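Peer 1: Got a file for you: query_33.tsv, TSV, C-alpha atoms and all ligand atoms.
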chain	number	residue	atom	x	y	z
U	1	MET	CA	-15.37	-11.68	-31.93
U	2	THR	CA	-16.37	-8.45	-30.24
U	3	ALA	CA	-18.35	-8.44	-27.05
U	4	THR	CA	-21.10	-5.86	-26.71
U	5	MET	CA	-21.20	-3.24	-23.95
U	6	PRO	CA	-23.92	-4.94	-21.87
U	7	ASP	CA	-21.97	-8.22	-22.10
U	8	LEU	CA	-18.84	-6.57	-20.80
U	9	GLU	CA	-20.68	-4.81	-18.04
U	10	GLN	CA	-22.36	-8.03	-17.01
U	11	GLN	CA	-19.04	-9.86	-17.00
U	12	PHE	CA	-17.57	-7.17	-14.77
U	13	GLU	CA	-20.51	-7.32	-12.34
U	14	GLN	CA	-20.35	-11.10	-12.22
U	15	THR	CA	-16.65	-11.14	-11.50
U	16	ILE	CA	-17.21	-8.83	-8.54
U	17	GLU	CA	-20.25	-10.75	-7.35
U	18	ARG	CA	-18.37	-14.05	-7.39
U	19	ASP	CA	-15.63	-12.45	-5.34
U	20	GLN	CA	-13.13	-12.95	-8.11
U	21	ARG	CA	-10.50	-10.35	-8.90
U	22	ILE	CA	-10.55	-7.82	-11.69
U	23	GLU	CA	-7.25	-8.03	-13.54
U	24	PRO	CA	-5.35	-5.56	-15.76
U	25	ARG	CA	-6.77	-5.24	-19.29
U	26	ASP	CA	-10.20	-6.57	-18.19
U	27	TRP	CA	-12.94	-4.27	-19.32
U	28	VAL	CA	-14.05	-2.07	-16.40
U	29	PRO	CA	-16.51	0.82	-16.19
U	30	GLU	CA	-14.72	4.14	-16.52
U	31	ALA	CA	-15.83	5.16	-13.01
U	32	TYR	CA	-14.23	2.01	-11.56
U	33	ARG	CA	-10.98	2.83	-13.34
U	34	THR	CA	-10.89	6.44	-12.15
U	35	THR	CA	-11.88	5.46	-8.59
U	36	MET	CA	-9.16	2.83	-8.43
U	37	ILE	CA	-6.52	5.16	-9.86
U	38	ARG	CA	-7.50	7.90	-7.42
U	39	MET	CA	-7.48	5.51	-4.48
U	40	ILE	CA	-4.21	3.77	-5.37
U	41	ALA	CA	-2.46	7.04	-6.25
U	42	GLN	CA	-3.51	8.64	-2.96
U	43	HIS	CA	-2.28	5.60	-1.13
U	44	ALA	CA	1.04	5.62	-3.03
U	45	HIS	CA	1.52	9.33	-2.37
U	46	SER	CA	0.85	8.73	1.34
U	47	GLU	CA	3.61	6.14	1.54
U	48	ILE	CA	6.05	8.46	-0.25
U	49	ILE	CA	5.20	11.59	1.74
U	50	GLY	CA	5.05	9.41	4.85
U	51	MET	CA	8.81	8.94	4.66
U	52	GLN	CA	9.38	12.56	5.67
U	53	PRO	CA	8.14	12.81	9.27
U	54	GLU	CA	10.27	9.84	10.35
U	55	GLY	CA	13.10	10.53	7.92
U	56	ASN	CA	13.50	13.72	9.92
U	57	TRP	CA	14.98	11.64	12.78
U	58	ILE	CA	17.31	9.27	10.92
U	59	THR	CA	20.41	11.39	11.43
U	60	ARG	CA	19.54	11.96	15.08
U	61	ALA	CA	18.52	8.45	16.10
U	62	PRO	CA	19.90	7.81	19.60
U	63	SER	CA	21.80	4.62	18.71
U	64	LEU	CA	23.10	2.71	15.72
U	65	ARG	CA	20.44	0.05	16.38
U	66	ARG	CA	17.62	2.60	16.24
U	67	LYS	CA	19.13	4.24	13.18
U	68	ALA	CA	19.36	0.95	11.28
U	69	ILE	CA	15.76	0.11	12.20
U	70	LEU	CA	14.47	3.54	11.20
U	71	LEU	CA	16.35	3.46	7.89
U	72	ALA	CA	14.85	0.06	7.10
U	73	LYS	CA	11.38	1.28	8.00
U	74	VAL	CA	11.59	4.41	5.88
U	75	GLN	CA	13.01	2.36	3.01
U	76	ASP	CA	10.02	0.03	3.32
U	77	GLU	CA	7.67	3.01	2.98
U	78	ALA	CA	9.44	3.97	-0.26
U	79	GLY	CA	8.90	0.38	-1.39
U	80	HIS	CA	5.20	0.55	-0.50
U	81	GLY	CA	4.85	3.67	-2.60
U	82	LEU	CA	6.51	1.96	-5.55
U	83	TYR	CA	4.40	-1.23	-5.31
U	84	LEU	CA	1.34	0.99	-5.42
U	85	TYR	CA	2.47	3.18	-8.31
U	86	SER	CA	3.14	-0.07	-10.13
U	87	ALA	CA	-0.45	-1.19	-9.43
U	88	ALA	CA	-1.80	2.19	-10.62
U	89	GLU	CA	0.10	1.81	-13.87
U	90	THR	CA	-1.74	-1.42	-14.68
U	91	LEU	CA	-4.87	0.75	-14.96
U	92	GLY	CA	-3.22	3.01	-17.52
U	93	ALA	CA	-2.00	5.72	-15.14
U	94	ASP	CA	1.40	7.21	-15.89
U	95	ARG	CA	3.81	7.24	-12.97
U	96	GLY	CA	5.46	10.50	-13.97
U	97	GLU	CA	2.07	12.14	-14.23
U	98	LEU	CA	1.07	10.93	-10.77
U	99	THR	CA	4.19	12.48	-9.27
U	100	ALA	CA	3.52	15.68	-11.20
U	101	LYS	CA	-0.01	15.79	-9.76
U	102	LEU	CA	1.27	15.19	-6.24
U	103	ILE	CA	3.79	18.02	-6.33
U	104	ALA	CA	1.26	20.32	-7.98
U	105	GLY	CA	-1.08	19.64	-5.05
U	106	LYS	CA	-3.67	18.13	-7.40
U	107	GLN	CA	-3.80	14.72	-5.74
U	108	LYS	CA	-4.11	14.08	-2.03
U	109	TYR	CA	-2.20	11.99	0.45
U	110	SER	CA	-3.10	11.00	4.00
U	111	SER	CA	-3.50	14.09	6.18
U	112	ILE	CA	-1.64	12.39	9.05
U	113	PHE	CA	1.71	13.20	7.45
U	114	ASN	CA	1.10	16.92	7.75
U	115	TYR	CA	1.89	16.87	11.45
U	116	PRO	CA	5.43	17.51	12.71
U	117	THR	CA	7.65	15.01	14.55
U	118	LEU	CA	8.85	17.01	17.54
U	119	THR	CA	10.80	14.42	19.53
U	120	PHE	CA	12.20	10.92	19.05
U	121	ALA	CA	9.16	9.58	20.91
U	122	ASP	CA	7.15	10.61	17.84
U	123	VAL	CA	9.01	7.94	15.87
U	124	GLY	CA	7.73	5.32	18.31
U	125	VAL	CA	4.20	6.69	18.41
U	126	ILE	CA	4.02	6.83	14.61
U	127	GLY	CA	5.00	3.16	14.42
U	128	TRP	CA	2.49	2.24	17.10
U	129	LEU	CA	-0.51	4.40	16.17
U	130	VAL	CA	-0.05	5.55	12.57
U	131	ASP	CA	1.23	2.24	11.23
U	132	GLY	CA	-1.29	0.53	13.53
U	133	ALA	CA	-4.15	2.47	11.96
U	134	ALA	CA	-2.70	1.82	8.51
U	135	ILE	CA	-2.72	-1.92	9.24
U	136	CYS	CA	-6.41	-1.75	10.26
U	137	ASN	CA	-7.16	-0.01	6.97
U	138	GLN	CA	-4.97	-2.21	4.83
U	139	VAL	CA	-5.71	-5.74	6.01
U	140	PRO	CA	-9.22	-5.75	4.46
U	141	LEU	CA	-7.78	-4.20	1.28
U	142	CYS	CA	-5.85	-7.44	0.72
U	143	ARG	CA	-9.24	-8.70	-0.55
U	144	SER	CA	-9.94	-5.65	-2.68
U	145	SER	CA	-11.57	-6.47	-6.01
U	146	TYR	CA	-8.71	-5.07	-8.08
U	147	GLY	CA	-6.08	-7.83	-8.27
U	148	PRO	CA	-2.86	-5.79	-8.52
U	149	TYR	CA	-3.97	-3.54	-5.63
U	150	ALA	CA	-4.91	-6.52	-3.45
U	151	ARG	CA	-1.56	-8.19	-4.15
U	152	ALA	CA	0.37	-5.00	-3.36
U	153	MET	CA	-1.54	-4.79	-0.08
U	154	ILE	CA	-0.59	-8.35	0.89
U	155	ARG	CA	3.06	-7.52	0.40
U	156	ILE	CA	2.67	-4.25	2.32
U	157	CYS	CA	0.79	-5.79	5.25
U	158	LYS	CA	3.57	-8.34	5.77
U	159	GLU	CA	6.01	-5.47	6.21
U	160	GLU	CA	3.78	-3.23	8.33
U	161	SER	CA	3.88	-5.61	11.25
U	162	PHE	CA	7.58	-4.85	11.73
U	163	HIS	CA	6.78	-1.13	11.59
U	164	GLN	CA	4.25	-1.29	14.38
U	165	ARG	CA	6.29	-3.56	16.59
U	166	GLN	CA	9.49	-1.53	16.32
U	167	GLY	CA	7.51	1.56	17.32
U	168	TYR	CA	5.89	-0.11	20.31
U	169	GLU	CA	9.18	-1.60	21.44
U	170	LEU	CA	10.81	1.83	21.18
U	171	LEU	CA	8.07	3.27	23.40
U	172	MET	CA	8.37	0.46	25.94
U	173	THR	CA	12.09	1.19	26.15
U	174	MET	CA	11.42	4.87	26.75
U	175	MET	CA	8.76	4.10	29.36
U	176	ARG	CA	11.36	2.11	31.29
U	177	GLY	CA	13.70	5.13	31.15
U	178	THR	CA	13.63	8.48	32.91
U	179	GLU	CA	10.65	10.60	33.98
U	180	GLU	CA	11.53	12.96	31.12
U	181	GLN	CA	11.37	10.11	28.59
U	182	ARG	CA	7.97	8.99	29.91
U	183	ARG	CA	6.74	12.56	29.55
U	184	MET	CA	7.92	12.58	25.94
U	185	VAL	CA	5.98	9.40	25.19
U	186	GLN	CA	2.81	10.77	26.80
U	187	ASP	CA	3.19	14.07	24.94
U	188	ALA	CA	3.66	12.35	21.59
U	189	THR	CA	0.65	10.12	22.30
U	190	ASN	CA	-1.44	13.19	23.10
U	191	ARG	CA	-0.51	14.81	19.80
U	192	TRP	CA	-0.93	11.76	17.52
U	193	TRP	CA	-4.03	10.10	18.97
U	194	TRP	CA	-6.73	12.22	17.37
U	195	PRO	CA	-5.01	12.60	13.98
U	196	SER	CA	-4.65	8.78	13.96
U	197	LEU	CA	-8.42	8.39	14.41
U	198	MET	CA	-8.91	10.79	11.51
U	199	MET	CA	-6.86	8.51	9.26
U	200	PHE	CA	-9.96	6.39	8.72
U	201	GLY	CA	-11.62	9.26	6.93
U	202	PRO	CA	-14.85	11.17	7.56
U	203	PRO	CA	-17.77	9.55	9.42
U	204	ASP	CA	-19.83	7.19	7.27
U	205	ALA	CA	-22.67	9.68	7.06
U	206	ASP	CA	-20.38	12.21	5.33
U	207	SER	CA	-18.23	9.86	3.28
U	208	SER	CA	-18.97	10.47	-0.38
U	209	HIS	CA	-17.13	7.47	-1.83
U	210	THR	CA	-17.92	4.70	0.66
U	211	ALA	CA	-21.16	3.28	-0.80
U	212	GLN	CA	-19.83	2.85	-4.34
U	213	SER	CA	-16.48	1.53	-3.12
U	214	MET	CA	-18.24	-1.08	-0.99
U	215	ALA	CA	-20.49	-2.13	-3.89
U	216	TRP	CA	-17.43	-2.66	-6.07
U	217	LYS	CA	-15.71	-4.49	-3.17
U	218	VAL	CA	-12.88	-2.03	-3.49
U	219	LYS	CA	-13.39	-1.36	0.21
U	220	ARG	CA	-14.72	-4.01	2.58
U	221	HIS	CA	-15.62	-2.00	5.70
U	222	THR	CA	-16.84	1.51	6.36
U	223	ASN	CA	-14.63	4.21	7.88
U	224	ASP	CA	-16.47	4.08	11.21
U	225	GLU	CA	-16.22	0.29	11.47
U	226	LEU	CA	-12.48	0.39	10.96
U	227	ARG	CA	-12.05	3.30	13.35
U	228	GLN	CA	-13.92	1.38	16.07
U	229	ARG	CA	-11.78	-1.68	15.44
U	230	PHE	CA	-8.64	0.43	15.82
U	231	VAL	CA	-9.82	1.99	19.09
U	232	ASP	CA	-10.72	-1.44	20.51
U	233	MET	CA	-7.30	-2.81	19.60
U	234	THR	CA	-5.35	0.17	20.87
U	235	VAL	CA	-6.82	0.78	24.32
U	236	PRO	CA	-5.29	-2.35	25.90
U	237	GLN	CA	-1.98	-1.57	24.17
U	238	ALA	CA	-1.97	1.88	25.78
U	239	GLU	CA	-2.70	0.31	29.17
U	240	ALA	CA	0.15	-2.16	28.76
U	241	LEU	CA	2.45	0.70	27.81
U	242	GLY	CA	1.33	2.87	30.73
U	243	VAL	CA	0.19	5.92	28.75
U	244	THR	CA	-3.17	7.65	28.85
U	245	LEU	CA	-5.07	8.18	25.61
U	246	PRO	CA	-6.18	11.83	25.58
U	247	ASP	CA	-9.93	11.27	25.59
U	248	PRO	CA	-11.99	11.62	28.79
U	249	HIS	CA	-14.95	9.90	27.11
U	250	LEU	CA	-13.04	6.73	26.34
U	251	ARG	CA	-14.65	3.84	28.22
U	252	TRP	CA	-15.75	0.25	27.71
U	253	ASN	CA	-19.38	-0.13	26.73
U	254	ALA	CA	-20.44	-3.59	27.88
U	255	GLU	CA	-23.67	-3.44	25.92
U	256	ARG	CA	-22.00	-2.65	22.58
U	257	GLU	CA	-18.91	-4.66	23.49
U	258	HIS	CA	-16.82	-1.82	22.14
U	259	TYR	CA	-15.06	1.20	23.56
U	260	ASP	CA	-17.01	4.44	23.37
U	261	PHE	CA	-14.92	7.43	22.49
U	262	GLY	CA	-15.29	11.21	22.27
U	263	ASP	CA	-16.19	13.35	19.28
U	264	ILE	CA	-13.53	13.90	16.67
U	265	ASP	CA	-12.78	17.49	15.69
U	266	TRP	CA	-13.66	17.23	12.01
U	267	SER	CA	-13.04	20.92	11.44
U	268	GLU	CA	-9.35	20.27	12.12
U	269	PHE	CA	-9.42	17.38	9.65
U	270	LYS	CA	-10.96	19.58	6.97
U	271	GLN	CA	-8.36	22.26	7.58
U	272	VAL	CA	-5.48	19.81	7.22
U	273	VAL	CA	-6.97	18.08	4.17
U	274	SER	CA	-7.50	21.40	2.44
U	275	GLY	CA	-3.85	22.31	2.85
U	276	ASN	CA	-3.71	24.22	6.13
U	277	GLY	CA	-2.10	21.63	8.39
U	278	PRO	CA	1.15	22.46	10.18
U	279	CYS	CA	3.41	20.86	7.53
U	280	ASN	CA	1.47	20.63	4.23
U	281	ALA	CA	3.58	23.20	2.39
U	282	GLN	CA	6.83	21.81	3.75
U	283	ARG	CA	5.97	18.22	2.74
U	284	ILE	CA	5.14	19.14	-0.84
U	285	ALA	CA	8.10	21.50	-1.17
U	286	HIS	CA	10.44	18.76	0.02
U	287	ARG	CA	9.00	16.21	-2.42
U	288	ARG	CA	9.21	18.71	-5.26
U	289	LYS	CA	12.84	19.54	-4.45
U	290	ALA	CA	13.81	15.86	-4.33
U	291	HIS	CA	12.12	15.34	-7.69
U	292	GLU	CA	13.76	18.34	-9.32
U	293	ASP	CA	17.19	17.70	-7.81
U	294	GLY	CA	17.04	14.16	-9.17
U	295	ALA	CA	16.21	15.21	-12.73
U	296	TRP	CA	19.83	15.21	-13.93
U	297	VAL	CA	20.35	11.70	-12.58
U	298	ARG	CA	17.34	10.38	-14.48
U	299	GLU	CA	18.49	12.13	-17.63
U	300	ALA	CA	22.09	10.96	-17.29
U	301	ALA	CA	21.01	7.35	-16.77
U	302	ALA	CA	18.75	7.53	-19.83
U	303	ALA	CA	21.59	9.01	-21.90
U	304	HIS	CA	23.96	6.30	-20.71
U	305	ALA	CA	21.42	3.60	-21.61
U	306	ALA	CA	20.94	5.14	-25.07
U	307	LYS	CA	24.69	5.15	-25.65
U	308	LEU	CA	24.97	1.48	-24.64
U	309	ARG	CA	22.13	0.58	-26.98
U	310	GLU	CA	23.88	2.34	-29.86
U	311	ARG	CA	27.13	0.54	-29.15
U	312	THR	CA	25.52	-2.90	-29.12
U	313	ALA	CA	23.21	-2.20	-32.07
R	1	MET	CA	15.84	13.93	-24.85
R	2	ARG	CA	13.63	11.27	-23.38
R	3	SER	CA	14.27	10.91	-19.68
R	4	ASP	CA	11.33	8.61	-18.98
R	5	TRP	CA	12.64	5.22	-18.08
R	6	PRO	CA	10.88	2.21	-19.62
R	7	LEU	CA	8.64	-0.08	-17.58
R	8	TYR	CA	9.97	-3.51	-16.62
R	9	GLU	CA	8.01	-6.45	-15.26
R	10	VAL	CA	9.71	-8.35	-12.45
R	11	PHE	CA	9.63	-12.11	-11.76
R	12	VAL	CA	11.15	-13.65	-8.65
R	13	ARG	CA	12.02	-17.26	-7.81
R	14	GLY	CA	11.17	-17.50	-4.13
R	15	LYS	CA	13.47	-20.45	-3.47
R	16	ARG	CA	15.05	-23.33	-5.30
R	17	GLY	CA	12.42	-25.71	-6.61
R	18	LEU	CA	9.84	-23.01	-7.34
R	19	ASN	CA	9.00	-21.19	-10.57
R	20	HIS	CA	9.64	-17.52	-11.08
R	21	VAL	CA	6.48	-15.62	-10.22
R	22	HIS	CA	5.44	-12.16	-11.37
R	23	VAL	CA	5.69	-9.73	-8.44
R	24	GLY	CA	5.17	-6.28	-9.99
R	25	SER	CA	6.92	-3.74	-12.13
R	26	LEU	CA	9.36	-0.87	-11.94
R	27	HIS	CA	11.04	1.73	-14.14
R	28	ALA	CA	14.72	1.65	-15.01
R	29	ALA	CA	17.00	3.18	-17.63
R	30	ASP	CA	18.40	-0.18	-18.74
R	31	ASP	CA	18.30	-3.91	-18.04
R	32	GLU	CA	21.05	-3.91	-15.47
R	33	MET	CA	19.54	-1.07	-13.49
R	34	ALA	CA	16.20	-2.84	-13.64
R	35	LEU	CA	17.78	-5.86	-12.02
R	36	HIS	CA	19.31	-3.77	-9.22
R	37	HIS	CA	16.08	-1.91	-8.61
R	38	ALA	CA	14.19	-5.20	-8.56
R	39	ARG	CA	16.51	-6.52	-5.89
R	40	ASP	CA	16.06	-3.41	-3.74
R	41	LEU	CA	12.34	-3.20	-4.26
R	42	TYR	CA	11.12	-6.78	-4.26
R	43	THR	CA	13.66	-8.78	-2.24
R	44	ARG	CA	14.45	-6.79	0.91
R	45	ARG	CA	13.67	-9.79	3.13
R	46	ASN	CA	15.00	-12.92	1.42
R	47	GLU	CA	11.99	-13.13	-0.88
R	48	GLY	CA	14.05	-14.52	-3.70
R	49	VAL	CA	17.07	-16.40	-4.99
R	50	SER	CA	16.75	-15.36	-8.63
R	51	ILE	CA	15.18	-12.44	-10.50
R	52	TRP	CA	14.07	-11.99	-14.10
R	53	VAL	CA	13.28	-8.55	-15.49
R	54	VAL	CA	11.76	-8.00	-18.90
R	55	LYS	CA	10.63	-4.83	-20.64
R	56	ALA	CA	6.84	-4.68	-20.39
R	57	ALA	CA	6.71	-3.69	-24.06
R	58	ASP	CA	8.34	-7.03	-25.01
R	59	ILE	CA	5.61	-9.18	-23.46
R	60	THR	CA	3.01	-10.69	-25.77
R	61	ALA	CA	-0.19	-11.49	-23.91
R	62	SER	CA	-3.48	-13.09	-24.81
R	63	SER	CA	-6.15	-10.48	-25.13
R	64	PRO	CA	-8.80	-10.37	-22.43
R	65	ASP	CA	-11.74	-9.84	-24.81
R	66	GLU	CA	-11.10	-13.06	-26.70
R	67	LYS	CA	-10.68	-15.03	-23.52
R	68	ASP	CA	-13.52	-17.49	-24.21
R	69	PRO	CA	-12.63	-18.51	-27.78
R	70	PHE	CA	-8.92	-18.55	-26.96
R	71	PHE	CA	-9.20	-20.93	-24.02
R	72	ALA	CA	-12.30	-22.82	-25.15
R	73	PRO	CA	-10.42	-25.83	-26.64
R	74	SER	CA	-9.03	-26.68	-23.19
R	75	ALA	CA	-12.49	-27.03	-21.65
R	76	ASP	CA	-14.06	-29.53	-24.07
R	77	LYS	CA	-11.50	-32.31	-23.78
R	78	VAL	CA	-12.64	-34.03	-20.61
R	79	TYR	CA	-10.63	-37.12	-21.53
R	80	ARG	CA	-7.48	-35.17	-20.60
R	81	HIS	CA	-8.43	-35.54	-16.94
R	82	PRO	CA	-7.92	-38.70	-14.87
R	83	THR	CA	-11.46	-38.53	-13.51
R	84	PHE	CA	-12.79	-39.25	-17.03
R	85	TYR	CA	-11.89	-42.94	-16.65
R	86	ASP	CA	-13.90	-45.40	-14.56
R	87	ILE	CA	-11.65	-47.86	-12.76
R	88	PRO	CA	-13.10	-50.34	-10.24
R	89	ASP	CA	-12.48	-49.37	-6.61
R	90	ASP	CA	-10.65	-52.60	-5.83
R	91	VAL	CA	-7.84	-51.95	-8.30
R	92	PRO	CA	-5.00	-50.69	-6.09
R	93	HIS	CA	-2.65	-47.71	-6.59
R	94	MET	CA	-4.64	-46.04	-9.39
U	401	FE	FE	3.61	1.69	4.47
U	402	FE	FE	4.51	1.47	7.59
Mind turning this structure into C-alpha cells?
Peer 2:
Amino acid sequence: MTATMPDLEQQFEQTIERDQRIEPRDWVPEAYRTTMIRMIAQHAHSEIIGMQPEGNWITRAPSLRRKAILLAKVQDEAGHGLYLYSAAETLGADRGELTAKLIAGKQKYSSIFNYPTLTFADVGVIGWLVDGAAICNQVPLCRSSYGPYARAMIRICKEESFHQRQGYELLMTMMRGTEEQRRMVQDATNRWWWPSLMMFGPPDADSSHTAQSMAWKVKRHTNDELRQRFVDMTVPQAEALGVTLPDPHLRWNAEREHYDFGDIDWSEFKQVVSGNGPCNAQRIAHRRKAHEDGAWVREAAAAHAAKLRERTA
Amino acid sequence: MRSDWPLYEVFVRGKRGLNHVHVGSLHAADDEMALHHARDLYTRRNEGVSIWVVKAADITASSPDEKDPFFAPSADKVYRHPTFYDIPDDVPHM
C-alpha cells in the first residue's frame, strides 16, 4: 500500500499537533529535514569546537582535582557532540560530510567559542555562564519534535548540570582567595557576559528561523524569551558570588517581574558569526589539524578490521 | 581503501532486571572497538552494566509507511485485554 503525498503530510502535521515525536524513517517535509540537520549539526559542531577554549587550560590546571574535573568536562563535551552527530545521521546526514563542512567553514557553530580563555577564571566563568546559557537553551529542546534530538538533549542536560556547578564552585573558591584572584573573576565575567547573552541568537524581530521552528515544535521558546530567563536566573547568582555584571542598565523591573538589561551590541555578534571573531581561524585550524593528523589512525584501524574479517571468513 | 568506519547501534542495560535499551549510535572499525567506544560514549556515569552493539546495516526494521497494515491485527483483538471480560465487583482478587 502506498500512501499519497497529502496523506503523508497530514500524518506529519498531526503527529506534531498531538505533541508526539517524529521518528527516523517517518516521512517528513524536505524543509523539516534540512532544518533539523542544520540545527543538529550546528549544535554538534558547537560541542566539538567548544572543547578548545577550556581544553586550553587542562595542562595548566592549578591542582590535580581541577585537572580531573576539567578533563571530565571536556570529555563530556566530546560526548555531546557525538550524541548529536548520531541524531543527525538518523535524518540521512553523513557524519564525515558534516565534519568536512565544519572544517571548510560551510557550517556554523556557536559564536561564543570564538573568544579566547585568558586566565583560569575563564574556565569557571564558562561553566557558570556559557554552560548556564546552554542549559537554558537546551532544557526546552528535550521536548523538541524530533525524537532522536530530544533524547540526545535529555542525556546532555543531565550532564550539563555538573558543568555549571563545577564552574560556579571554582569561582566561589577564587572569590575566597586573594584580591588578585577576585580581580581575575571579575575580569572574566566582564568579558563573557555579553557574548553569553548573544548565545541565544538574534532578537526575535530579526530571527529568520524562529517562526517555522516554533510551528514545527523544533524550538519551544523564542530567543528573547530564553535570554530573559537566563538574565533572571543569573543576576542572583552573580550577587551570591560577589561579582558585578557589566551592565549599568541591569535592574529589577517590578512591573514586568523581570530584570531589564542594556542593549546588546549586535554588530559584534555579526562580526563574530561571519568569521571575524578573535579566535575563529584558530578554532577551525585546530579542528582541521586534529582531523588530518588522525587520518592514519582511522585508516590503520579500518585495515586491521579488514584483515581480521579476511582471517575469520 | 575505505577508511569510513561502519555505523553501530548501541543498546545498554541500565541495571540488572532491566532490558537493554537503544541509546544511540557510533562509528567503529570493528565490533570490539564499537564496544569500547560505546562504553566511553554512553556509560561515563554508571549508566549501564551491559552493552550490546550491532551494525546498523544488520538490523531489519518494519517500514514506517506500512505501519497501519503491519500493526493492524493487534488492534482488533479486544479479547486479548483483561478489560474485555465483565466480572462482578464482589468477586475478590480478580
Ligand atoms: Fe555540552
Ligand atoms: Fe557543557
Peer 1: Give the residues of chain U that lie within 10 Å of chain R; count all atoms listed in the file, and format the answer as an MDAnalysis selection string.
Peer 2: chainID U and resid 1:3 8 23:27 72 75:76 78:80 82:87 89:90 95:96 148 151:152 155 159 295:306 308:309
Peer 1: Report the closest atom pair, with its distance in Å rounded to one decimal, for each residue of chain U that has an atom no farther than 10 Å from ligand FE 401 (chain U); count all atoms listed in the file, sort by chain and then rising residue number, and write it as a tab-separated table.
Peer 2:
residue	atom	partner	partner_atom	distance
U:His43	CA	U:FE401	FE	9.0
U:Ala44	CA	U:FE401	FE	8.8
U:Ser46	CA	U:FE401	FE	8.2
U:Glu47	CA	U:FE401	FE	5.3
U:Ile48	CA	U:FE401	FE	8.6
U:Gly50	CA	U:FE401	FE	7.9
U:Met51	CA	U:FE401	FE	8.9
U:Lys73	CA	U:FE401	FE	8.5
U:Val74	CA	U:FE401	FE	8.5
U:Gln75	CA	U:FE401	FE	9.5
U:Asp76	CA	U:FE401	FE	6.7
U:Glu77	CA	U:FE401	FE	4.5
U:Ala78	CA	U:FE401	FE	7.8
U:Gly79	CA	U:FE401	FE	8.0
U:His80	CA	U:FE401	FE	5.3
U:Gly81	CA	U:FE401	FE	7.4
U:Val130	CA	U:FE401	FE	9.7
U:Asp131	CA	U:FE401	FE	7.2
U:Ala134	CA	U:FE401	FE	7.5
U:Ile135	CA	U:FE401	FE	8.7
U:Gln138	CA	U:FE401	FE	9.4
U:Met153	CA	U:FE401	FE	9.4
U:Ile156	CA	U:FE401	FE	6.4
U:Cys157	CA	U:FE401	FE	8.0
U:Glu159	CA	U:FE401	FE	7.7
U:Glu160	CA	U:FE401	FE	6.3
U:Ser161	CA	U:FE401	FE	10.0
U:His163	CA	U:FE401	FE	8.3
Peer 1: Work out how far apart CA of Asp224 (chain U) and CA of Arg251 (chain U) are and give it in Å to one decimal.
Peer 2: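 Going from CA of Asp224 (chain U) over to CA of Arg251 (chain U), I get 17.1 Å.
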Peer 1: What is the CA of Arg33 (chain U) to CA of Ala93 (chain U) distance in Å?
Peer 2: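 Distance reported for this atom pair: 9.6 Å.
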Peer 1: Grab the CA of Asn190 (chain U) to CA of Arg66 (chain U) distance for me, in Å with one decimal place.
Peer 2: 22.9 Å
Peer 1: Restricting the calculation to only C-alpha atoms, which member of U:Asn137, U:Ser207, U:Thr244, U:Gln212 is positioned closest to Val185 (chain U)?
Peer 2: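 Comparing U:Asn137, U:Ser207, U:Thr244, U:Gln212 against Val185 (chain U), the winner is U:Thr244.
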Peer 1: Can you pull out every residue within 9 Å of Leu98 (chain U), counting all atoms listed in the file, but drop anything in the same chain fewer than 6 positions away, and send it as a PyMOL selection string?
Peer 2: chain U and resi 41+45+85+107
Peer 1: At a cut-off of 12 Å, using all atoms listed in the file, what residues contact Met94 (chain R)? Leave out same-chain residues fewer than 4 positions from it and give the result as a ChimeraX atom specification.
Peer 2: /R:82-83,85-90
Peer 1: Looking at all atoms listed in the file, which of U:Tyr168, U:Phe162, U:Phe269, U:Phe200 is the one that sits closest to ligand FE 402 (chain U)?
Peer 2: U:Phe162
Peer 1: When you look at Gln20 (chain U) with a cut-off of 12 Å (counting all atoms listed in the file), what residues show up, excluding the ones that are within fewer than 5 positions of it in the same chain? I need them as a list in words.
Peer 2: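 The neighbour list is Gln11, Phe12, Glu13, Gln14, Thr15, Arg143, Ser144, Ser145, Tyr146, Gly147, Ala150, Trp216, Lys217 and Val218 of chain U.
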Peer 1: Fewer than 4 positions away in the same chain doesn't count, so skip those; otherwise give me all residues within 10 Å of Arg227 (chain U), counting all atoms listed in the file, as number ranges by chain.
Peer 2: U: 133, 136-137, 196-201, 203, 221-223, 231-233
Peer 1: Would you pick out the contacts of region 48-50 of chain R at 6 Å or less, using all atoms listed in the file, so that residues sharing its chain but fewer than 3 positions from it are not included, and give the list as a VMD selection string?
Peer 2: chain R and resid 12 to 15 43
Peer 1: Determine the nearest neighbour of ligand FE 402 (chain U) from the options U:Met5, U:Val28, U:Ala121, U:Ile126, counting only C-alpha atoms and all ligand atoms.
Peer 2: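 Once distances to ligand FE 402 (chain U) are computed over only C-alpha atoms and all ligand atoms, the minimum belongs to U:Ile126.
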